[in-house]
Amino acid sequence: AVQDQLRGVQHIQATYRAFAAILEDGSVITWGGQRFGGDSSAVQDQLRGVKQIQATSSAFAAILQDGSVVTWGVAHWGGDSSAVQDQLRGVQQIQATHSAFAAILEDGSVVTWGAPRCGGDSSAVQDQLRGVRQIQATNMAFAALLEDGSVVSWGAPPCGGDSSAVQDQLKAV
């Protein structure tokens, strides 16, 4: 039973219908809706030295000690990061919308994957995503705070993905 394995839990994260717990040895236990990330068996052997887990509504992304990332859950909502896997090196932080992930790398650049309309496609602003300090998310958009104090947003415009109307106020002073 899962309950017998849940000893020394350091952190818990949740999708819409599943949980993932990081244990003190850096391994991960999952339970709940299998399709929504509750079944991590396909990646279980990779889930070693996990330091952080983030979740969309239906997928998990784990940052490992070496800065690489392991994902599982609903593929098109962030559970499949294979298209960007070679870029996911030196990952410092991951943020999530309803169905996409954004990772800040150690060089301050950003890698995104998952549902394009929910922020999984950052190609329109990719050249602006340099020196990123922090990322926050609504359910369908991301906003990145840059080192110079300016902000770049992308994703669904009605959900904050278009900050053009307030860009003058968001510019660094």
# chains A, B, ... in the order shown; residues from 1 in each chain; ligands from 1

$ residues_around --residues "A:Ala20" --least-positions-apart "2" --cutoff "6 Å" --atoms "only C-alpha atoms" --output "list in words"
Ile12, Gln13, Ile29 and Thr30 of chain A

$ write_last_selection --atoms "N, CA, C and O atoms" --output "short mmCIF file (atom, residue, chain, number, x, y, z; two decimals), in the first residue's frame"
data_model
loop_
_atom_site.label_atom_id
_atom_site.label_comp_id
_atom_site.auth_asym_id
_atom_site.auth_seq_id
_atom_site.Cartn_x
_atom_site.Cartn_y
_atom_site.Cartn_z
N ILE A 12 4.98 17.58 -0.90
CA ILE A 12 3.89 16.97 -1.67
C ILE A 12 3.42 17.98 -2.71
O ILE A 12 3.30 19.17 -2.41
N GLN A 13 3.16 17.49 -3.91
CA GLN A 13 2.60 18.31 -4.99
C GLN A 13 1.38 17.56 -5.54
O GLN A 13 1.27 16.34 -5.37
N ILE A 29 7.00 8.99 -4.63
CA ILE A 29 5.85 8.08 -4.57
C ILE A 29 4.65 8.84 -5.14
O ILE A 29 4.43 10.01 -4.80
N THR A 30 3.88 8.20 -6.02
CA THR A 30 2.69 8.83 -6.57
C THR A 30 1.46 7.97 -6.33
O THR A 30 1.57 6.75 -6.20
#

$ select_by_dssp --residues "stretch 119-171 of chain A" --states "alpha helix (DSSP H)" --output "PyMOL selection string"
chain A and resi 167-170

$ select_by_dssp --residues "chain A" --states "strand (DSSP E)" --output "short mmCIF file (atom, residue, chain, number, x, y, z; two decimals) with C-alpha atoms, in the first residue's frame"
data_model
loop_
_atom_site.label_atom_id
_atom_site.label_comp_id
_atom_site.auth_asym_id
_atom_site.auth_seq_id
_atom_site.Cartn_x
_atom_site.Cartn_y
_atom_site.Cartn_z
CA VAL A 9 8.02 12.85 3.15
CA GLN A 10 9.73 16.18 2.39
CA HIS A 11 7.24 17.74 -0.02
CA ILE A 12 3.89 16.97 -1.67
CA GLN A 13 2.60 18.31 -4.99
CA ALA A 14 -0.76 17.66 -6.69
CA ALA A 18 -3.15 12.77 -8.23
CA PHE A 19 -0.38 13.36 -5.69
CA ALA A 20 3.40 13.07 -5.83
CA ALA A 21 5.51 12.98 -2.68
CA ILE A 22 9.27 13.52 -2.52
CA LEU A 23 10.84 11.31 0.15
CA VAL A 28 9.10 9.87 -5.43
CA ILE A 29 5.85 8.08 -4.57
CA THR A 30 2.69 8.83 -6.57
CA TRP A 31 -0.96 7.90 -6.11
CA GLY A 32 -4.42 8.88 -7.28
CA VAL A 50 14.47 14.80 -6.89
CA LYS A 51 14.66 18.27 -5.37
CA GLN A 52 11.43 19.90 -6.59
CA ILE A 53 8.15 18.87 -8.24
CA GLN A 54 5.74 21.17 -10.03
CA ALA A 55 2.34 20.23 -11.50
CA ALA A 59 1.06 16.21 -15.27
CA PHE A 60 4.12 16.46 -13.05
CA ALA A 61 7.62 17.79 -13.71
CA ALA A 62 10.45 16.89 -11.32
CA ILE A 63 13.75 18.76 -11.14
CA LEU A 64 16.62 16.43 -10.26
CA VAL A 69 13.85 17.24 -15.59
CA VAL A 70 11.60 14.18 -15.60
CA THR A 71 7.92 14.49 -16.60
CA TRP A 72 4.91 12.21 -16.52
CA GLY A 73 1.12 12.39 -16.72
CA VAL A 91 16.99 23.93 -14.47
CA GLN A 92 16.59 26.19 -11.44
CA GLN A 93 12.81 26.59 -11.16
CA ILE A 94 9.66 25.34 -12.86
CA GLN A 95 6.29 27.08 -12.92
CA ALA A 96 3.02 25.71 -14.33
CA ALA A 100 1.99 23.88 -19.63
CA PHE A 101 5.34 24.21 -17.89
CA ALA A 102 8.02 26.92 -18.00
CA ALA A 103 11.52 26.22 -16.70
CA ILE A 104 14.12 28.84 -15.81
CA LEU A 105 17.64 27.66 -16.64
CA VAL A 110 13.40 29.81 -20.35
CA VAL A 111 12.20 26.53 -21.84
CA THR A 112 8.46 25.81 -22.20
CA TRP A 113 6.40 22.76 -23.12
CA GLY A 114 2.81 21.52 -22.90
CA VAL A 132 14.75 35.75 -16.08
CA ARG A 133 14.61 35.91 -12.27
CA GLN A 134 11.12 34.59 -11.60
CA ILE A 135 8.07 33.22 -13.40
CA GLN A 136 4.47 33.29 -12.21
CA ALA A 137 1.42 31.76 -13.86
CA ALA A 141 -0.49 32.36 -19.18
CA PHE A 142 3.00 33.04 -17.83
CA ALA A 143 4.70 36.27 -16.76
CA ALA A 144 8.48 36.41 -16.39
CA LEU A 145 10.25 38.99 -14.25
CA LEU A 146 13.59 39.92 -15.79
CA VAL A 151 8.11 41.81 -17.42
CA VAL A 152 7.46 39.53 -20.39
CA SER A 153 4.18 37.60 -20.68
CA TRP A 154 2.86 34.92 -23.04
CA GLY A 155 0.00 32.45 -23.31
#

$ decode --residues "stretch 83-111 of chain A" --atoms "N, CA, C and O atoms" --output "PDB file, in the first residue's frame"
ATOM      1  N   ALA A  83      10.274  16.805 -26.594  1.00  0.00           N
ATOM      2  CA  ALA A  83      10.623  17.784 -27.632  1.00  0.00           C
ATOM      3  C   ALA A  83      11.649  18.803 -27.142  1.00  0.00           C
ATOM      4  O   ALA A  83      12.385  19.380 -27.946  1.00  0.00           O
ATOM      5  N   VAL A  84      11.716  19.027 -25.829  1.00  0.00           N
ATOM      6  CA  VAL A  84      12.653  20.021 -25.275  1.00  0.00           C
ATOM      7  C   VAL A  84      13.652  19.395 -24.295  1.00  0.00           C
ATOM      8  O   VAL A  84      14.413  20.108 -23.644  1.00  0.00           O
ATOM      9  N   GLN A  85      13.651  18.077 -24.207  1.00  0.00           N
ATOM     10  CA  GLN A  85      14.470  17.391 -23.197  1.00  0.00           C
ATOM     11  C   GLN A  85      15.947  17.770 -23.264  1.00  0.00           C
ATOM     12  O   GLN A  85      16.595  17.946 -22.234  1.00  0.00           O
ATOM     13  N   ASP A  86      16.467  17.932 -24.470  1.00  0.00           N
ATOM     14  CA  ASP A  86      17.885  18.270 -24.595  1.00  0.00           C
ATOM     15  C   ASP A  86      18.200  19.688 -24.134  1.00  0.00           C
ATOM     16  O   ASP A  86      19.357  20.017 -23.868  1.00  0.00           O
ATOM     17  N   GLN A  87      17.173  20.528 -24.010  1.00  0.00           N
ATOM     18  CA  GLN A  87      17.365  21.907 -23.515  1.00  0.00           C
ATOM     19  C   GLN A  87      17.219  22.000 -21.997  1.00  0.00           C
ATOM     20  O   GLN A  87      17.614  23.003 -21.405  1.00  0.00           O
ATOM     21  N   LEU A  88      16.636  20.969 -21.393  1.00  0.00           N
ATOM     22  CA  LEU A  88      16.361  21.012 -19.949  1.00  0.00           C
ATOM     23  C   LEU A  88      17.589  20.575 -19.151  1.00  0.00           C
ATOM     24  O   LEU A  88      17.640  19.495 -18.574  1.00  0.00           O
ATOM     25  N   ARG A  89      18.556  21.482 -19.107  1.00  0.00           N
ATOM     26  CA  ARG A  89      19.799  21.279 -18.361  1.00  0.00           C
ATOM     27  C   ARG A  89      20.014  22.491 -17.465  1.00  0.00           C
ATOM     28  O   ARG A  89      19.799  23.623 -17.892  1.00  0.00           O
ATOM     29  N   GLY A  90      20.422  22.272 -16.256  1.00  0.00           N
ATOM     30  CA  GLY A  90      20.646  23.386 -15.339  1.00  0.00           C
ATOM     31  C   GLY A  90      19.366  24.097 -14.955  1.00  0.00           C
ATOM     32  O   GLY A  90      19.348  25.316 -14.766  1.00  0.00           O
ATOM     33  N   VAL A  91      18.288  23.334 -14.824  1.00  0.00           N
ATOM     34  CA  VAL A  91      16.990  23.926 -14.473  1.00  0.00           C
ATOM     35  C   VAL A  91      16.993  24.362 -13.003  1.00  0.00           C
ATOM     36  O   VAL A  91      17.344  23.590 -12.117  1.00  0.00           O
ATOM     37  N   GLN A  92      16.608  25.608 -12.785  1.00  0.00           N
ATOM     38  CA  GLN A  92      16.589  26.191 -11.439  1.00  0.00           C
ATOM     39  C   GLN A  92      15.192  26.202 -10.821  1.00  0.00           C
ATOM     40  O   GLN A  92      15.038  26.023  -9.622  1.00  0.00           O
ATOM     41  N   GLN A  93      14.187  26.448 -11.647  1.00  0.00           N
ATOM     42  CA  GLN A  93      12.814  26.587 -11.158  1.00  0.00           C
ATOM     43  C   GLN A  93      11.857  26.210 -12.267  1.00  0.00           C
ATOM     44  O   GLN A  93      12.150  26.428 -13.444  1.00  0.00           O
ATOM     45  N   ILE A  94      10.721  25.632 -11.896  1.00  0.00           N
ATOM     46  CA  ILE A  94       9.656  25.345 -12.862  1.00  0.00           C
ATOM     47  C   ILE A  94       8.362  25.952 -12.340  1.00  0.00           C
ATOM     48  O   ILE A  94       8.071  25.882 -11.144  1.00  0.00           O
ATOM     49  N   GLN A  95       7.612  26.549 -13.248  1.00  0.00           N
ATOM     50  CA  GLN A  95       6.290  27.077 -12.922  1.00  0.00           C
ATOM     51  C   GLN A  95       5.301  26.427 -13.886  1.00  0.00           C
ATOM     52  O   GLN A  95       5.690  25.968 -14.961  1.00  0.00           O
ATOM     53  N   ALA A  96       4.023  26.389 -13.505  1.00  0.00           N
ATOM     54  CA  ALA A  96       3.022  25.710 -14.327  1.00  0.00           C
ATOM     55  C   ALA A  96       1.729  26.501 -14.456  1.00  0.00           C
ATOM     56  O   ALA A  96       1.287  27.131 -13.499  1.00  0.00           O
ATOM     57  N   THR A  97       1.158  26.440 -15.660  1.00  0.00           N
ATOM     58  CA  THR A  97      -0.211  26.901 -15.870  1.00  0.00           C
ATOM     59  C   THR A  97      -1.090  25.652 -15.750  1.00  0.00           C
ATOM     60  O   THR A  97      -0.627  24.608 -15.300  1.00  0.00           O
ATOM     61  N   HIS A  98      -2.323  25.756 -16.195  1.00  0.00           N
ATOM     62  CA  HIS A  98      -3.239  24.615 -16.183  1.00  0.00           C
ATOM     63  C   HIS A  98      -2.688  23.429 -16.958  1.00  0.00           C
ATOM     64  O   HIS A  98      -2.866  22.281 -16.577  1.00  0.00           O
ATOM     65  N   SER A  99      -1.981  23.706 -18.066  1.00  0.00           N
ATOM     66  CA  SER A  99      -1.541  22.604 -18.915  1.00  0.00           C
ATOM     67  C   SER A  99      -0.208  22.832 -19.629  1.00  0.00           C
ATOM     68  O   SER A  99       0.028  22.264 -20.693  1.00  0.00           O
ATOM     69  N   ALA A 100       0.657  23.660 -19.051  1.00  0.00           N
ATOM     70  CA  ALA A 100       1.988  23.876 -19.625  1.00  0.00           C
ATOM     71  C   ALA A 100       2.991  24.189 -18.522  1.00  0.00           C
ATOM     72  O   ALA A 100       2.618  24.653 -17.440  1.00  0.00           O
ATOM     73  N   PHE A 101       4.257  23.921 -18.827  1.00  0.00           N
ATOM     74  CA  PHE A 101       5.340  24.211 -17.889  1.00  0.00           C
ATOM     75  C   PHE A 101       6.301  25.231 -18.493  1.00  0.00           C
ATOM     76  O   PHE A 101       6.482  25.296 -19.710  1.00  0.00           O
ATOM     77  N   ALA A 102       6.941  26.010 -17.617  1.00  0.00           N
ATOM     78  CA  ALA A 102       8.020  26.921 -17.997  1.00  0.00           C
ATOM     79  C   ALA A 102       9.157  26.705 -17.011  1.00  0.00           C
ATOM     80  O   ALA A 102       8.944  26.746 -15.792  1.00  0.00           O
ATOM     81  N   ALA A 103      10.346  26.453 -17.539  1.00  0.00           N
ATOM     82  CA  ALA A 103      11.517  26.217 -16.702  1.00  0.00           C
ATOM     83  C   ALA A 103      12.532  27.331 -16.887  1.00  0.00           C
ATOM     84  O   ALA A 103      12.856  27.702 -18.016  1.00  0.00           O
ATOM     85  N   ILE A 104      13.035  27.860 -15.760  1.00  0.00           N
ATOM     86  CA  ILE A 104      14.122  28.837 -15.806  1.00  0.00           C
ATOM     87  C   ILE A 104      15.431  28.063 -15.699  1.00  0.00           C
ATOM     88  O   ILE A 104      15.623  27.278 -14.764  1.00  0.00           O
ATOM     89  N   LEU A 105      16.335  28.305 -16.654  1.00  0.00           N
ATOM     90  CA  LEU A 105      17.639  27.656 -16.639  1.00  0.00           C
ATOM     91  C   LEU A 105      18.660  28.532 -15.903  1.00  0.00           C
ATOM     92  O   LEU A 105      18.418  29.723 -15.677  1.00  0.00           O
ATOM     93  N   GLU A 106      19.801  27.954 -15.549  1.00  0.00           N
ATOM     94  CA  GLU A 106      20.795  28.687 -14.767  1.00  0.00           C
ATOM     95  C   GLU A 106      21.346  29.901 -15.508  1.00  0.00           C
ATOM     96  O   GLU A 106      21.818  30.843 -14.871  1.00  0.00           O
ATOM     97  N   ASP A 107      21.245  29.920 -16.832  1.00  0.00           N
ATOM     98  CA  ASP A 107      21.722  31.089 -17.576  1.00  0.00           C
ATOM     99  C   ASP A 107      20.640  32.167 -17.721  1.00  0.00           C
ATOM    100  O   ASP A 107      20.846  33.172 -18.400  1.00  0.00           O
ATOM    101  N   GLY A 108      19.473  31.960 -17.078  1.00  0.00           N
ATOM    102  CA  GLY A 108      18.399  32.949 -17.108  1.00  0.00           C
ATOM    103  C   GLY A 108      17.485  32.852 -18.310  1.00  0.00           C
ATOM    104  O   GLY A 108      16.585  33.673 -18.482  1.00  0.00           O
ATOM    105  N   SER A 109      17.680  31.840 -19.141  1.00  0.00           N
ATOM    106  CA  SER A 109      16.767  31.622 -20.267  1.00  0.00           C
ATOM    107  C   SER A 109      15.609  30.733 -19.815  1.00  0.00           C
ATOM    108  O   SER A 109      15.615  30.212 -18.696  1.00  0.00           O
ATOM    109  N   VAL A 110      14.624  30.547 -20.699  1.00  0.00           N
ATOM    110  CA  VAL A 110      13.403  29.813 -20.350  1.00  0.00           C
ATOM    111  C   VAL A 110      13.095  28.767 -21.412  1.00  0.00           C
ATOM    112  O   VAL A 110      13.240  29.023 -22.612  1.00  0.00           O
ATOM    113  N   VAL A 111      12.657  27.602 -20.950  1.00  0.00           N
ATOM    114  CA  VAL A 111      12.200  26.529 -21.837  1.00  0.00           C
ATOM    115  C   VAL A 111      10.754  26.216 -21.461  1.00  0.00           C
ATOM    116  O   VAL A 111      10.439  26.083 -20.276  1.00  0.00           O
TER     117      VAL A 111
END
